[in-house]
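A short worksheet on the structure shown next.
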Amino acid sequence: MSGIAVHADAESAAPAEKVFALLTDWPRHAEWMPFTEARGGHGVGAELEGWTGVGPLGFTDTMVITGWRSGRRVAVRHTGRLVRGEAFFDVAPLPGAGSRIRWAERLDLPLGPLGRAGWIAAGPAFRAFMALGLRRLARLAEADGTVVPLR
């Protein structure tokens with residue numbers, strides 16, 4: 001196996017707690033993350049399941065939450081057959097107002113050199129979707145008038 005690391009950042013005018021609450025409202029993932037639906041629990045040890053794809057073409061990404069700091073951070077271990085590795089979301093308050101969001105992934109690529117070659121081709125699109133998702137999350141948190149309790 002070969003490993004890669006990738007991350008994306010965005011800023012939001014919304015407070016960190018609000019961004020985190022929206023981020024961890026798993027059924028709402030489809031509102032900000034392109035081609036992805038999610039469901040699952042909250043807190044260390046809870047399981048998550050994400051489905052990424054278009055129409056019938058896609059894959060399921062199973063995860064276990066390995067770190068949880070309410071209002072600030074959620075970390076996961078990818079446990080599926082296709083996606084393996086670790087990831088986290090950090091939401092940090094900015095001085096004055098707003099927040100900074102970081103999404104980082106450390107993934108184990110299957111298939112050795114073939115997986116590495118695939119990443120060279122697919123990596124830029126993956127990074128672009130991460131950045132797009134975070135920008136959409138930031139805007140949604142700014143516009144969303146609902147109050148979601150912290151978990």
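Convention: chains lettered A, B, ... in structure tokens order; per-chain residue numbering from 1; ligands numbered from 1 as shown.
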
Could you give me, as JSON lines, every stretch 28-54 of chain A residue with an atom at most 12 Å from stretch 82-102 of chain A, plus its closest atom pair and distance in Å to one decimal, counting only C-alpha atoms, rows ordered by chain then number?
```
{"residue": "A:Glu49", "atom": "CA", "partner": "A:Val83", "partner_atom": "CA", "distance": 11.6}
{"residue": "A:Gly50", "atom": "CA", "partner": "A:Val83", "partner_atom": "CA", "distance": 10.8}
{"residue": "A:Trp51", "atom": "CA", "partner": "A:Val83", "partner_atom": "CA", "distance": 11.5}
{"residue": "A:Thr52", "atom": "CA", "partner": "A:Val83", "partner_atom": "CA", "distance": 11.4}
```

Tell me which protein, DNA and RNA residues are within 9 Å of stretch 66-69 of chain A, counting only C-alpha atoms, leaving out same-chain ones fewer than 2 positions away, and put them as JSON, numbers by chain. {"A": [42, 43, 44, 45, 46, 64, 71, 72, 73, 74, 75, 76, 77, 88]}

Nearest to A:Met130, chosen from A:Ala117, A:Ala104, A:Ala13, A:Leu109, with only C-alpha atoms counted in the distances: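 Result for the nearest residue to A:Met130: A:Ala104.
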
Counting only C-alpha atoms, the option among A:Ala143, A:His29, A:Leu107, A:Phe35 closest to A:Leu57: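 Looking only at the distances to A:Leu57, the closest residue turns out to be A:Phe35.
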
Non-local contacts of A:Glu31 (10 Å; only C-alpha atoms; under 6 positions in same chain excluded) as a PyMOL selection string: chain A and resi 37+133+136-137+140

Please, which residues of stretch 3-150 of chain A, numbered as in this document, come out helix (DSSP H, G or I) from DSSP, as a VMD selection string? chain A and resid 16 to 23 26 to 32 112 to 143

Distance of atom CA of A:Gly53 from atom CA of A:Pro34, expressed in Å to one decimal place: 8.9 Å

Point-to-point distance in Å for atom CA of A:Glu105 and atom CA of A:Val19: 19.1 Å

Picked from stretch 37-143 of chain A by DSSP as strand (DSSP E), as a VMD selection string: chain A and resid 37 to 40 47 to 54 57 to 69 73 to 79 84 to 93 99 to 109

With C-alpha atoms retained, export the selected residues as an mmCIF file, in the first residue's frame.
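Final output, selection_8.cif:
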```
data_model
loop_
_atom_site.group_PDB
_atom_site.id
_atom_site.type_symbol
_atom_site.label_atom_id
_atom_site.label_comp_id
_atom_site.auth_asym_id
_atom_site.auth_seq_id
_atom_site.Cartn_x
_atom_site.Cartn_y
_atom_site.Cartn_z
ATOM 1 C CA GLU A 37 -24.787 11.296 1.387
ATOM 2 C CA ALA A 38 -23.971 10.347 4.971
ATOM 3 C CA ARG A 39 -25.529 8.933 8.103
ATOM 4 C CA GLY A 40 -24.301 7.822 11.475
ATOM 5 C CA GLU A 47 -20.072 4.455 13.143
ATOM 6 C CA LEU A 48 -20.592 6.528 10.002
ATOM 7 C CA GLU A 49 -21.482 5.547 6.482
ATOM 8 C CA GLY A 50 -21.053 7.723 3.444
ATOM 9 C CA TRP A 51 -22.177 6.989 -0.088
ATOM 10 C CA THR A 52 -20.449 8.824 -2.911
ATOM 11 C CA GLY A 53 -21.585 8.559 -6.490
ATOM 12 C CA VAL A 54 -24.009 9.526 -9.199
ATOM 13 C CA LEU A 57 -22.597 4.268 -9.755
ATOM 14 C CA GLY A 58 -20.691 4.894 -6.557
ATOM 15 C CA PHE A 59 -19.250 3.363 -3.422
ATOM 16 C CA THR A 60 -19.893 3.147 0.305
ATOM 17 C CA ASP A 61 -17.294 4.531 2.710
ATOM 18 C CA THR A 62 -17.595 3.111 6.231
ATOM 19 C CA MET A 63 -15.933 4.916 9.133
ATOM 20 C CA VAL A 64 -15.564 4.878 12.909
ATOM 21 C CA ILE A 65 -15.267 8.124 14.867
ATOM 22 C CA THR A 66 -11.908 8.102 16.651
ATOM 23 C CA GLY A 67 -11.908 11.645 18.035
ATOM 24 C CA TRP A 68 -14.650 14.061 19.030
ATOM 25 C CA ARG A 69 -14.326 17.516 20.530
ATOM 26 C CA ARG A 73 -13.161 18.505 15.845
ATOM 27 C CA VAL A 74 -14.241 15.127 14.543
ATOM 28 C CA ALA A 75 -11.734 12.483 13.443
ATOM 29 C CA VAL A 76 -12.489 9.185 11.728
ATOM 30 C CA ARG A 77 -10.846 5.977 10.618
ATOM 31 C CA HIS A 78 -11.981 4.767 7.193
ATOM 32 C CA THR A 79 -12.776 1.059 7.548
ATOM 33 C CA ARG A 84 -8.789 3.050 4.148
ATOM 34 C CA GLY A 85 -6.952 5.593 6.262
ATOM 35 C CA GLU A 86 -7.762 8.484 8.593
ATOM 36 C CA ALA A 87 -9.405 11.874 8.279
ATOM 37 C CA PHE A 88 -10.459 14.818 10.397
ATOM 38 C CA PHE A 89 -12.418 18.059 10.292
ATOM 39 C CA ASP A 90 -11.285 20.940 12.511
ATOM 40 C CA VAL A 91 -13.403 24.033 13.000
ATOM 41 C CA ALA A 92 -11.561 26.867 14.750
ATOM 42 C CA PRO A 93 -12.917 30.266 15.752
ATOM 43 C CA SER A 99 -14.331 30.318 11.724
ATOM 44 C CA ARG A 100 -11.741 28.384 9.758
ATOM 45 C CA ILE A 101 -12.576 24.873 8.577
ATOM 46 C CA ARG A 102 -9.928 22.266 7.716
ATOM 47 C CA TRP A 103 -10.560 18.855 6.204
ATOM 48 C CA ALA A 104 -7.564 16.517 6.070
ATOM 49 C CA GLU A 105 -7.268 12.952 4.785
ATOM 50 C CA ARG A 106 -4.450 10.447 5.021
ATOM 51 C CA LEU A 107 -5.434 7.611 2.731
ATOM 52 C CA ASP A 108 -3.875 4.245 2.000
ATOM 53 C CA LEU A 109 -3.903 3.713 -1.758
#
```

Hey, can you check how far atom CA of A:Arg81 sits from atom CA of A:Leu132? 25.8 Å

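Nearest residue to A:Ala138, choosing from A:Arg116, A:Met33, A:His7, A:Pro27 and counting only C-alpha atoms: A:Met33.
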